[in-house]
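Content type mmCIF, C-alpha atoms, from the file protein38.cif:
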```cif
data_query
loop_
_atom_site.group_PDB
_atom_site.id
_atom_site.type_symbol
_atom_site.label_atom_id
_atom_site.label_comp_id
_atom_site.auth_asym_id
_atom_site.auth_seq_id
_atom_site.Cartn_x
_atom_site.Cartn_y
_atom_site.Cartn_z
ATOM 1 C CA MET A 1 13.608 -5.874 31.905
ATOM 2 C CA GLU A 2 16.488 -7.594 30.185
ATOM 3 C CA THR A 3 16.558 -8.000 26.458
ATOM 4 C CA THR A 4 15.932 -11.606 25.606
ATOM 5 C CA GLU A 5 16.674 -13.516 22.468
ATOM 6 C CA ILE A 6 13.962 -13.043 19.893
ATOM 7 C CA SER A 7 12.817 -15.748 17.597
ATOM 8 C CA VAL A 8 11.151 -15.050 14.280
ATOM 9 C CA ASP A 9 8.050 -16.971 15.332
ATOM 10 C CA ILE A 10 7.155 -14.503 18.052
ATOM 11 C CA ASP A 11 4.029 -12.573 17.215
ATOM 12 C CA ASP A 12 4.205 -8.791 16.909
ATOM 13 C CA SER A 13 1.741 -8.407 19.761
ATOM 14 C CA ILE A 14 4.131 -10.189 22.148
ATOM 15 C CA LEU A 15 7.008 -7.986 21.020
ATOM 16 C CA VAL A 16 4.856 -4.902 21.526
ATOM 17 C CA GLU A 17 4.032 -6.017 25.081
ATOM 18 C CA ARG A 18 7.709 -6.594 25.782
ATOM 19 C CA ALA A 19 8.661 -3.241 24.286
ATOM 20 C CA GLN A 20 5.957 -1.528 26.354
ATOM 21 C CA ALA A 21 7.472 -3.149 29.427
ATOM 22 C CA GLY A 22 10.833 -1.627 28.564
ATOM 23 C CA ASP A 23 12.516 -4.298 26.448
ATOM 24 C CA TYR A 24 14.121 -2.128 23.816
ATOM 25 C CA GLY A 25 15.491 -5.117 21.947
ATOM 26 C CA ALA A 26 11.900 -6.109 21.255
ATOM 27 C CA PHE A 27 11.200 -2.700 19.782
ATOM 28 C CA ASN A 28 14.274 -2.908 17.573
ATOM 29 C CA GLU A 29 13.076 -6.289 16.341
ATOM 30 C CA LEU A 30 9.757 -4.679 15.362
ATOM 31 C CA VAL A 31 11.704 -2.052 13.440
ATOM 32 C CA SER A 32 13.710 -4.616 11.499
ATOM 33 C CA ARG A 33 10.576 -6.653 10.792
ATOM 34 C CA HIS A 34 8.693 -3.805 9.215
ATOM 35 C CA ASP A 35 11.189 -1.234 7.983
ATOM 36 C CA ARG A 36 11.288 -2.499 4.380
ATOM 37 C CA LYS A 37 7.564 -2.317 3.869
ATOM 38 C CA ILE A 38 7.203 1.037 5.570
ATOM 39 C CA TYR A 39 10.088 2.373 3.474
ATOM 40 C CA ARG A 40 8.435 1.147 0.294
ATOM 41 C CA LEU A 41 5.103 2.687 1.259
ATOM 42 C CA ALA A 42 6.700 6.021 2.133
ATOM 43 C CA LYS A 43 8.760 6.068 -1.045
ATOM 44 C CA ARG A 44 5.711 5.475 -3.176
ATOM 45 C CA ILE A 45 3.725 8.220 -1.476
ATOM 46 C CA VAL A 46 6.406 10.897 -1.269
ATOM 47 C CA GLU A 47 8.116 10.007 -4.584
ATOM 48 C CA SER A 48 11.597 10.566 -3.200
ATOM 49 C CA ALA A 49 14.026 8.163 -1.565
ATOM 50 C CA GLU A 50 15.506 10.895 0.609
ATOM 51 C CA ASP A 51 12.149 12.058 1.945
ATOM 52 C CA ALA A 52 11.137 8.436 2.440
ATOM 53 C CA GLU A 53 14.187 7.904 4.650
ATOM 54 C CA ASP A 54 13.081 10.805 6.853
ATOM 55 C CA VAL A 55 9.542 9.463 6.945
ATOM 56 C CA LEU A 56 10.847 6.049 7.943
ATOM 57 C CA GLN A 57 12.859 7.466 10.821
ATOM 58 C CA ASP A 58 10.058 9.736 12.017
ATOM 59 C CA THR A 59 7.562 6.883 11.837
ATOM 60 C CA PHE A 60 9.582 4.629 14.125
ATOM 61 C CA LEU A 61 10.459 7.465 16.495
ATOM 62 C CA LYS A 62 6.783 8.388 16.771
ATOM 63 C CA ALA A 63 5.855 4.755 17.271
ATOM 64 C CA PHE A 64 8.419 4.512 20.059
ATOM 65 C CA GLU A 65 7.216 7.718 21.715
ATOM 66 C CA HIS A 66 3.570 6.696 21.584
ATOM 67 C CA LEU A 67 3.984 2.996 22.157
ATOM 68 C CA ASP A 68 2.170 3.194 25.485
ATOM 69 C CA ASN A 69 -0.897 4.556 23.689
ATOM 70 C CA PHE A 70 -1.046 1.555 21.389
ATOM 71 C CA GLN A 71 -3.971 -0.434 22.682
ATOM 72 C CA GLY A 72 -3.732 -3.522 20.566
ATOM 73 C CA ASN A 73 -7.194 -3.000 19.051
ATOM 74 C CA SER A 74 -5.583 -3.116 15.641
ATOM 75 C CA LYS A 75 -2.514 -4.932 14.440
ATOM 76 C CA PHE A 76 0.754 -3.209 15.277
ATOM 77 C CA TYR A 77 1.597 -3.066 11.577
ATOM 78 C CA THR A 78 -1.682 -1.304 10.749
ATOM 79 C CA TRP A 79 -0.939 1.231 13.460
ATOM 80 C CA LEU A 80 2.539 1.755 12.002
ATOM 81 C CA VAL A 81 1.098 2.203 8.509
ATOM 82 C CA ARG A 82 -1.221 4.914 9.814
ATOM 83 C CA ILE A 83 1.691 6.812 11.324
ATOM 84 C CA ALA A 84 3.743 6.391 8.138
ATOM 85 C CA VAL A 85 0.887 7.635 5.930
ATOM 86 C CA ASN A 86 0.430 10.732 8.077
ATOM 87 C CA GLU A 87 4.138 11.462 8.045
ATOM 88 C CA SER A 88 4.314 10.896 4.282
ATOM 89 C CA LEU A 89 1.382 13.150 3.491
ATOM 90 C CA MET A 90 2.806 15.860 5.724
ATOM 91 C CA LYS A 91 6.083 15.613 3.868
ATOM 92 C CA LEU A 92 4.321 15.760 0.525
ATOM 93 C CA ARG A 93 2.304 18.818 1.539
ATOM 94 C CA LYS A 94 5.400 20.602 2.778
ATOM 95 C CA ARG A 95 7.316 19.932 -0.400
ATOM 96 C CA LYS A 96 4.617 20.606 -2.911
ATOM 97 C CA THR A 97 3.472 23.983 -1.714
ATOM 98 C CA SER A 98 2.625 25.013 -5.250
ATOM 99 C CA ARG A 99 0.650 21.876 -6.001
ATOM 100 C CA THR A 100 -2.229 21.165 -3.708
ATOM 101 C CA VAL A 101 -2.173 17.754 -2.126
ATOM 102 C CA SER A 102 -5.535 16.974 -0.746
ATOM 103 C CA LEU A 103 -7.199 13.709 -0.022
ATOM 104 C CA ASP A 104 -10.577 15.408 0.025
ATOM 105 C CA GLU A 105 -10.582 16.298 -3.646
ATOM 106 C CA PRO A 106 -13.479 14.752 -5.528
ATOM 107 C CA ALA A 107 -12.688 11.330 -6.920
ATOM 108 C CA GLY A 108 -12.761 12.092 -10.610
ATOM 109 C CA ASN A 109 -15.557 13.941 -12.321
ATOM 110 C CA GLY A 110 -18.285 11.472 -11.576
ATOM 111 C CA GLU A 111 -18.088 9.864 -14.989
ATOM 112 C CA ASP A 112 -17.929 6.145 -15.436
ATOM 113 C CA PRO A 113 -14.482 4.624 -15.396
ATOM 114 C CA VAL A 114 -13.039 4.176 -18.865
ATOM 115 C CA VAL A 115 -11.069 1.255 -20.178
ATOM 116 C CA ARG A 116 -8.942 1.595 -23.292
ATOM 117 C CA GLU A 117 -6.338 -1.152 -23.263
ATOM 118 C CA ILE A 118 -7.950 -4.534 -23.572
ATOM 119 C CA ALA A 119 -5.309 -7.182 -24.085
ATOM 120 C CA VAL A 120 -4.135 -10.250 -22.247
ATOM 121 C CA TRP A 121 -0.740 -10.089 -20.635
ATOM 122 C CA ASP A 122 2.242 -11.798 -22.157
ATOM 123 C CA GLY A 123 2.886 -14.417 -19.512
ATOM 124 C CA ASP A 124 3.682 -13.612 -15.930
ATOM 125 C CA PRO A 125 5.572 -10.320 -15.396
ATOM 126 C CA GLU A 126 7.278 -11.877 -12.383
ATOM 127 C CA GLN A 127 8.891 -14.408 -14.731
ATOM 128 C CA ARG A 128 9.657 -11.937 -17.486
ATOM 129 C CA TYR A 129 11.390 -9.312 -15.394
ATOM 130 C CA SER A 130 13.861 -9.347 -12.546
ATOM 131 C CA GLN A 131 12.508 -8.176 -9.185
ATOM 132 C CA GLU A 132 14.468 -4.976 -9.637
ATOM 133 C CA GLU A 133 13.115 -4.247 -13.124
ATOM 134 C CA LEU A 134 9.601 -5.088 -12.078
ATOM 135 C CA ARG A 135 9.821 -2.865 -9.014
ATOM 136 C CA ALA A 136 10.951 0.042 -11.199
ATOM 137 C CA LEU A 137 8.043 -0.506 -13.614
ATOM 138 C CA LEU A 138 5.487 -0.758 -10.812
ATOM 139 C CA ASP A 139 6.877 2.288 -9.014
ATOM 140 C CA GLY A 140 6.832 4.254 -12.262
ATOM 141 C CA ALA A 141 3.216 3.362 -12.962
ATOM 142 C CA ILE A 142 1.996 4.253 -9.501
ATOM 143 C CA GLN A 143 3.760 7.622 -9.530
ATOM 144 C CA GLU A 144 1.471 8.629 -12.387
ATOM 145 C CA LEU A 145 -1.551 8.427 -10.126
ATOM 146 C CA LYS A 146 -2.711 11.355 -8.018
ATOM 147 C CA PRO A 147 -1.594 11.030 -4.380
ATOM 148 C CA SER A 148 -5.178 10.617 -3.210
ATOM 149 C CA PHE A 149 -5.666 7.628 -5.498
ATOM 150 C CA ARG A 150 -2.349 5.942 -5.045
ATOM 151 C CA THR A 151 -2.501 6.204 -1.259
ATOM 152 C CA VAL A 152 -5.834 4.398 -1.195
ATOM 153 C CA PHE A 153 -4.507 1.721 -3.554
ATOM 154 C CA LEU A 154 -1.348 1.241 -1.485
ATOM 155 C CA LEU A 155 -3.223 0.890 1.781
ATOM 156 C CA ARG A 156 -5.897 -1.432 0.436
ATOM 157 C CA ASP A 157 -4.043 -3.564 -2.066
ATOM 158 C CA VAL A 158 -0.429 -3.519 -0.970
ATOM 159 C CA GLU A 159 -0.620 -3.104 2.807
ATOM 160 C CA GLU A 160 -3.892 -5.038 2.876
ATOM 161 C CA LEU A 161 -5.781 -2.755 5.221
ATOM 162 C CA SER A 162 -9.545 -3.202 5.181
ATOM 163 C CA THR A 163 -11.804 -0.599 3.574
ATOM 164 C CA GLU A 164 -12.767 0.589 7.059
ATOM 165 C CA GLU A 165 -9.163 0.818 8.252
ATOM 166 C CA THR A 166 -8.201 2.722 5.104
ATOM 167 C CA ALA A 167 -11.140 5.101 5.504
ATOM 168 C CA SER A 168 -10.215 5.780 9.086
ATOM 169 C CA ALA A 169 -6.486 6.197 8.364
ATOM 170 C CA LEU A 170 -7.172 8.728 5.612
ATOM 171 C CA ASN A 171 -10.234 10.402 7.124
ATOM 172 C CA LEU A 172 -12.316 9.436 4.141
ATOM 173 C CA SER A 173 -15.791 7.991 3.883
ATOM 174 C CA ILE A 174 -16.159 4.339 2.896
ATOM 175 C CA PRO A 175 -17.750 5.220 -0.487
ATOM 176 C CA ALA A 176 -14.838 7.594 -1.160
ATOM 177 C CA VAL A 177 -12.316 4.829 -0.447
ATOM 178 C CA LYS A 178 -14.194 2.437 -2.716
ATOM 179 C CA SER A 179 -14.510 4.869 -5.580
ATOM 180 C CA ARG A 180 -10.812 5.852 -5.397
ATOM 181 C CA LEU A 181 -9.801 2.219 -5.222
ATOM 182 C CA LEU A 182 -11.845 1.358 -8.311
ATOM 183 C CA ARG A 183 -10.296 4.185 -10.296
ATOM 184 C CA ALA A 184 -6.784 3.514 -9.052
ATOM 185 C CA ARG A 185 -7.037 -0.180 -9.916
ATOM 186 C CA LEU A 186 -8.393 0.480 -13.392
ATOM 187 C CA ASP A 187 -5.872 3.211 -14.014
ATOM 188 C CA LEU A 188 -2.958 0.992 -12.981
ATOM 189 C CA ARG A 189 -4.400 -1.889 -14.984
ATOM 190 C CA GLU A 190 -4.385 0.377 -18.010
ATOM 191 C CA ARG A 191 -0.754 1.390 -17.489
ATOM 192 C CA LEU A 192 0.476 -2.114 -16.721
ATOM 193 C CA THR A 193 -1.386 -3.586 -19.689
ATOM 194 C CA ARG A 194 0.469 -1.151 -21.940
ATOM 195 C CA LEU A 195 3.717 -2.554 -20.524
ATOM 196 C CA PHE A 196 2.856 -6.228 -20.231
ATOM 197 C CA LYS A 197 0.451 -6.983 -23.084
ATOM 198 C CA LYS A 198 1.125 -9.485 -25.791
ATOM 199 C CA LYS A 199 2.180 -7.418 -28.760
ATOM 200 C CA GLY A 200 -0.342 -7.372 -31.568
ATOM 201 C CA ASP A 201 -2.931 -9.085 -29.472
ATOM 202 C CA ASP A 202 -5.249 -6.211 -28.623
ATOM 203 C CA LEU A 203 -8.926 -6.863 -28.592
ATOM 204 C CA PHE A 204 -11.159 -4.180 -29.967
ATOM 205 C CA ALA A 205 -11.442 -1.302 -27.564
ATOM 206 C CA TYR A 206 -14.891 -0.903 -26.179
ATOM 207 C CA LEU A 207 -16.852 1.440 -23.896
ATOM 208 C CA MET B 1 -29.132 -7.670 -18.282
ATOM 209 C CA LEU B 2 -25.885 -6.120 -17.116
ATOM 210 C CA THR B 3 -23.956 -3.965 -19.536
ATOM 211 C CA CYS B 4 -20.177 -3.714 -19.756
ATOM 212 C CA LYS B 5 -20.406 -0.320 -18.055
ATOM 213 C CA ASP B 6 -22.294 -1.886 -15.149
ATOM 214 C CA PHE B 7 -19.623 -4.542 -14.939
ATOM 215 C CA LEU B 8 -16.820 -1.972 -14.799
ATOM 216 C CA ARG B 9 -18.544 -0.032 -12.046
ATOM 217 C CA GLU B 10 -18.707 -3.187 -9.932
ATOM 218 C CA ILE B 11 -15.383 -4.750 -10.907
ATOM 219 C CA SER B 12 -13.627 -3.701 -7.715
ATOM 220 C CA ASP B 13 -16.274 -5.148 -5.401
ATOM 221 C CA TYR B 14 -16.443 -8.247 -7.566
ATOM 222 C CA LEU B 15 -12.704 -8.677 -7.219
ATOM 223 C CA ASP B 16 -12.943 -8.288 -3.440
ATOM 224 C CA ASP B 17 -15.981 -10.551 -3.382
ATOM 225 C CA THR B 18 -17.999 -7.993 -1.452
ATOM 226 C CA CYS B 19 -21.080 -7.774 -3.731
ATOM 227 C CA ASP B 20 -24.362 -9.266 -2.669
ATOM 228 C CA PRO B 21 -25.002 -12.754 -4.072
ATOM 229 C CA THR B 22 -27.561 -11.718 -6.731
ATOM 230 C CA LEU B 23 -25.262 -9.109 -8.180
ATOM 231 C CA ARG B 24 -22.341 -11.509 -8.025
ATOM 232 C CA ASN B 25 -24.276 -14.057 -10.066
ATOM 233 C CA ASP B 26 -25.186 -11.420 -12.644
ATOM 234 C CA LEU B 27 -21.571 -10.313 -12.897
ATOM 235 C CA GLN B 28 -20.460 -13.905 -13.224
ATOM 236 C CA SER B 29 -22.920 -14.504 -16.064
ATOM 237 C CA HIS B 30 -21.765 -11.343 -17.800
ATOM 238 C CA ILE B 31 -18.093 -12.240 -17.647
ATOM 239 C CA LYS B 32 -18.790 -15.689 -19.089
ATOM 240 C CA GLU B 33 -20.434 -14.128 -22.131
ATOM 241 C CA CYS B 34 -18.201 -11.104 -22.615
ATOM 242 C CA PRO B 35 -14.554 -11.745 -23.530
ATOM 243 C CA ASN B 36 -13.620 -8.062 -23.192
ATOM 244 C CA CYS B 37 -14.859 -7.840 -19.630
ATOM 245 C CA TRP B 38 -13.181 -11.128 -18.873
ATOM 246 C CA VAL B 39 -9.841 -9.702 -20.040
ATOM 247 C CA VAL B 40 -10.354 -6.488 -18.096
ATOM 248 C CA PHE B 41 -11.212 -8.459 -14.975
ATOM 249 C CA ASP B 42 -8.277 -10.822 -15.418
ATOM 250 C CA THR B 43 -5.771 -8.003 -15.959
ATOM 251 C CA THR B 44 -7.177 -5.998 -13.024
ATOM 252 C CA LYS B 45 -6.747 -9.031 -10.797
ATOM 253 C CA LYS B 46 -3.196 -9.474 -12.083
ATOM 254 C CA THR B 47 -2.462 -5.793 -11.496
ATOM 255 C CA VAL B 48 -3.436 -6.087 -7.844
ATOM 256 C CA ASN B 49 -1.513 -9.342 -7.460
ATOM 257 C CA VAL B 50 1.675 -8.100 -9.044
ATOM 258 C CA TYR B 51 1.743 -5.137 -6.641
ATOM 259 C CA LYS B 52 0.967 -7.397 -3.726
ATOM 260 C CA GLY B 53 3.568 -9.968 -4.719
ATOM 261 C CA THR B 54 6.643 -7.834 -5.275
ATOM 262 C CA GLU B 55 9.127 -8.002 -2.440
ATOM 263 C CA PRO B 56 10.093 -4.677 -0.912
ATOM 264 C CA GLN B 57 13.645 -3.505 -1.376
ATOM 265 C CA ALA B 58 15.972 -3.549 1.626
ATOM 266 C CA VAL B 59 16.415 -0.285 3.473
ATOM 267 C CA PRO B 60 19.945 1.032 2.781
ATOM 268 C CA GLU B 61 22.260 0.018 5.604
ATOM 269 C CA THR B 62 23.324 3.579 6.382
ATOM 270 C CA VAL B 63 19.678 4.571 6.791
ATOM 271 C CA GLN B 64 19.001 1.567 8.993
ATOM 272 C CA LYS B 65 21.927 2.488 11.234
ATOM 273 C CA ARG B 66 20.833 6.103 11.430
ATOM 274 C CA ILE B 67 17.341 5.079 12.490
ATOM 275 C CA LEU B 68 18.511 2.616 15.111
ATOM 276 C CA ALA B 69 20.905 5.244 16.495
ATOM 277 C CA ALA B 70 18.073 7.794 16.697
ATOM 278 C CA ILE B 71 15.848 5.292 18.472
ATOM 279 C CA GLU B 72 18.643 4.317 20.843
ATOM 280 C CA LYS B 73 19.063 7.969 21.790
ATOM 281 C CA ARG B 74 15.394 8.169 22.710
ATOM 282 C CA GLN B 75 15.623 4.899 24.585
ATOM 283 C CA GLU B 76 18.547 6.215 26.622
ATOM 284 C CA ALA B 77 16.664 9.423 27.369
ATOM 285 C CA LYS B 78 13.666 7.411 28.501
ATOM 286 C CA LYS B 79 15.798 5.193 30.710
ATOM 287 C CA GLN B 80 17.408 8.193 32.343
ATOM 288 C CA ALA B 81 14.072 9.860 32.898
ATOM 289 C CA ALA B 82 12.899 6.696 34.647
ATOM 290 C CA THR B 83 15.951 6.172 36.831
ATOM 291 C CA GLY B 84 17.041 9.761 37.337
ATOM 292 C CA PRO B 85 20.264 11.375 36.142
ATOM 293 C CA PRO B 86 23.469 9.312 36.353
ATOM 294 C CA LYS B 87 25.458 9.909 39.522
#
```
Before anything else, please render the file you have as structure tokens.
Amino acid sequence: METTEISVDIDDSILVERAQAGDYGAFNELVSRHDRKIYRLAKRIVESAEDAEDVLQDTFLKAFEHLDNFQGNSKFYTWLVRIAVNESLMKLRKRKTSRTVSLDEPAGNGEDPVVREIAVWDGDPEQRYSQEELRALLDGAIQELKPSFRTVFLLRDVEELSTEETASALNLSIPAVKSRLLRARLDLRERLTRLFKKKGDDLFAYL
Amino acid sequence: MLTCKDFLREISDYLDDTCDPTLRNDLQSHIKECPNCWVVFDTTKKTVNVYKGTEPQAVPETVQKRILAAIEKRQEAKKQAATGPPK
């Protein structure tokens, strides 16, 4: 099959069909459509740009190798995210031999989530900071979370996978995904509020 | 009556709008009365949105090239496997 010109309006599923039929240009278009987001996801999980580059390459090579197994039951992007998460976690486990990286660890100690910083934000962070500055702040905050929490947050809230898709990608139960998501969101809220709050405008801490 | 602790436990589902209608109404009533919980809810929502809204950085060009070259190599190998070795 000859490589044809690809317009931006073409749906991923059409490109996948073309790639499965041997149109390599279609596969390369899928790579350039999704590489930024996959790179960002990998970088936030593995905490290293260099490792994220390897993850990115391995993810697309795996996707290419296994393209015929992709059934189209999920979105191509969701399938790609699953591969990238597996590759990232493998990388993380390999690197951090001294520190256990497990997604099965209990989500906190069963206590109620705690909120300390209660303050409105000073305007819209997207207006206050450049994209670059904001990205650095957000990346810094998320690195503080345990891998098991930040991975759930990234899949649910950044990559917009459903609870079920996240549970299945990470081999977790649905309640485990929900409880990690709650804690991750509140934890990040806490950290971002410290950065973005209106100075001198704290409400009394409660709970 | 819902307490602030109850509200916090449910805040994630409330944000995703996945609670059952009775609970949602109770949470809604609580947030109207409780400025602290309102702020926590508002800043949690903003936290999720700011992560969702930030554009990903471009992949460095050298990395992009390396990846495309690696894929091309596999594509060539696949082509050859399908058509047999070159004469």
*Give as a ChimeraX atom specification the residues that the PyMOL selection byres ((chain A) within 6 of (chain B)) matches when applied to the coordinates above.*
/A:36-37,57,158,182,189
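For Arg24 in chain B, the list of residues within 9 Å, based on only C-alpha atoms and with local chain neighbours fewer than 6 positions off taken out, reads B:Tyr14, B:Asp17, B:Thr18.
Pairwise distance (CA of Ser74 in chain A, CA of Ile174 in chain A) equals 18.2 Å.
Atom pair CA of Ile14 in chain A / CA of His34 in chain A has a distance of 15.1 Å (rounded to one decimal).
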_Distance criterion (only C-alpha atoms): nearest to Phe64 in chain A out of A:Glu164, A:Asp157, A:Asp23, A:Asp9_ = A:Asp23
Write a file for range 55-64 of chain B of the given structure; include all heavy atoms and format it as an mmCIF file, in the first residue's frame.
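Result file follows (decode-v9.cif):
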```
data_model
loop_
_atom_site.group_PDB
_atom_site.id
_atom_site.type_symbol
_atom_site.label_atom_id
_atom_site.label_comp_id
_atom_site.auth_asym_id
_atom_site.auth_seq_id
_atom_site.Cartn_x
_atom_site.Cartn_y
_atom_site.Cartn_z
ATOM 1 N N GLU B 55 -0.122 22.656 28.067
ATOM 2 C CA GLU B 55 0.320 22.003 26.831
ATOM 3 C C GLU B 55 1.601 21.212 27.070
ATOM 4 O O GLU B 55 2.510 21.680 27.744
ATOM 5 C CB GLU B 55 0.615 23.076 25.778
ATOM 6 C CG GLU B 55 -0.622 23.601 25.087
ATOM 7 C CD GLU B 55 -1.363 22.516 24.329
ATOM 8 O OE1 GLU B 55 -0.716 21.824 23.523
ATOM 9 O OE2 GLU B 55 -2.576 22.353 24.553
ATOM 10 N N PRO B 56 1.685 20.012 26.501
ATOM 11 C CA PRO B 56 2.940 19.278 26.655
ATOM 12 C C PRO B 56 4.058 19.922 25.833
ATOM 13 O O PRO B 56 3.807 20.525 24.793
ATOM 14 C CB PRO B 56 2.611 17.883 26.125
ATOM 15 C CG PRO B 56 1.392 18.040 25.295
ATOM 16 C CD PRO B 56 0.672 19.256 25.778
ATOM 17 N N GLN B 57 5.246 19.766 26.353
ATOM 18 C CA GLN B 57 6.445 20.281 25.698
ATOM 19 C C GLN B 57 6.740 19.442 24.453
ATOM 20 O O GLN B 57 6.439 18.252 24.433
ATOM 21 C CB GLN B 57 7.585 20.054 26.682
ATOM 22 C CG GLN B 57 8.641 21.074 26.684
ATOM 23 C CD GLN B 57 9.606 20.779 27.842
ATOM 24 O OE1 GLN B 57 9.356 19.901 28.673
ATOM 25 N NE2 GLN B 57 10.677 21.513 27.880
ATOM 26 N N ALA B 58 7.376 20.063 23.459
ATOM 27 C CA ALA B 58 7.737 19.292 22.266
ATOM 28 C C ALA B 58 8.827 18.285 22.613
ATOM 29 O O ALA B 58 9.641 18.525 23.497
ATOM 30 C CB ALA B 58 8.232 20.234 21.192
ATOM 31 N N VAL B 59 8.814 17.168 21.918
ATOM 32 C CA VAL B 59 9.875 16.184 22.092
ATOM 33 C C VAL B 59 11.119 16.754 21.384
ATOM 34 O O VAL B 59 11.012 17.237 20.261
ATOM 35 C CB VAL B 59 9.459 14.841 21.446
ATOM 36 C CG1 VAL B 59 10.574 13.819 21.531
ATOM 37 C CG2 VAL B 59 8.179 14.315 22.092
ATOM 38 N N PRO B 60 12.290 16.703 22.039
ATOM 39 C CA PRO B 60 13.489 17.234 21.379
ATOM 40 C C PRO B 60 13.682 16.594 19.993
ATOM 41 O O PRO B 60 13.450 15.389 19.824
ATOM 42 C CB PRO B 60 14.617 16.823 22.331
ATOM 43 C CG PRO B 60 13.968 16.577 23.644
ATOM 44 C CD PRO B 60 12.552 16.186 23.382
ATOM 45 N N GLU B 61 14.107 17.433 19.059
ATOM 46 C CA GLU B 61 14.183 16.976 17.663
ATOM 47 C C GLU B 61 15.086 15.759 17.494
ATOM 48 O O GLU B 61 14.769 14.840 16.736
ATOM 49 C CB GLU B 61 14.698 18.132 16.802
ATOM 50 C CG GLU B 61 14.106 18.104 15.399
ATOM 51 C CD GLU B 61 14.576 19.301 14.599
ATOM 52 O OE1 GLU B 61 14.464 20.427 15.133
ATOM 53 O OE2 GLU B 61 15.069 19.109 13.485
ATOM 54 N N THR B 62 16.202 15.766 18.223
ATOM 55 C CA THR B 62 17.138 14.632 18.095
ATOM 56 C C THR B 62 16.469 13.333 18.536
ATOM 57 O O THR B 62 16.697 12.271 17.944
ATOM 58 C CB THR B 62 18.386 14.861 18.979
ATOM 59 O OG1 THR B 62 17.950 15.257 20.271
ATOM 60 C CG2 THR B 62 19.295 15.916 18.396
ATOM 61 N N VAL B 63 15.641 13.437 19.578
ATOM 62 C CA VAL B 63 14.945 12.247 20.083
ATOM 63 C C VAL B 63 13.915 11.779 19.056
ATOM 64 O O VAL B 63 13.793 10.585 18.754
ATOM 65 C CB VAL B 63 14.251 12.559 21.430
ATOM 66 C CG1 VAL B 63 13.507 11.348 21.952
ATOM 67 C CG2 VAL B 63 15.254 13.056 22.445
ATOM 68 N N GLN B 64 13.206 12.764 18.499
ATOM 69 C CA GLN B 64 12.198 12.445 17.486
ATOM 70 C C GLN B 64 12.828 11.688 16.316
ATOM 71 O O GLN B 64 12.308 10.680 15.851
ATOM 72 C CB GLN B 64 11.607 13.749 16.968
ATOM 73 C CG GLN B 64 10.124 13.850 17.162
ATOM 74 C CD GLN B 64 9.639 15.272 16.876
ATOM 75 O OE1 GLN B 64 10.412 16.168 16.558
ATOM 76 N NE2 GLN B 64 8.354 15.475 17.009
#
```
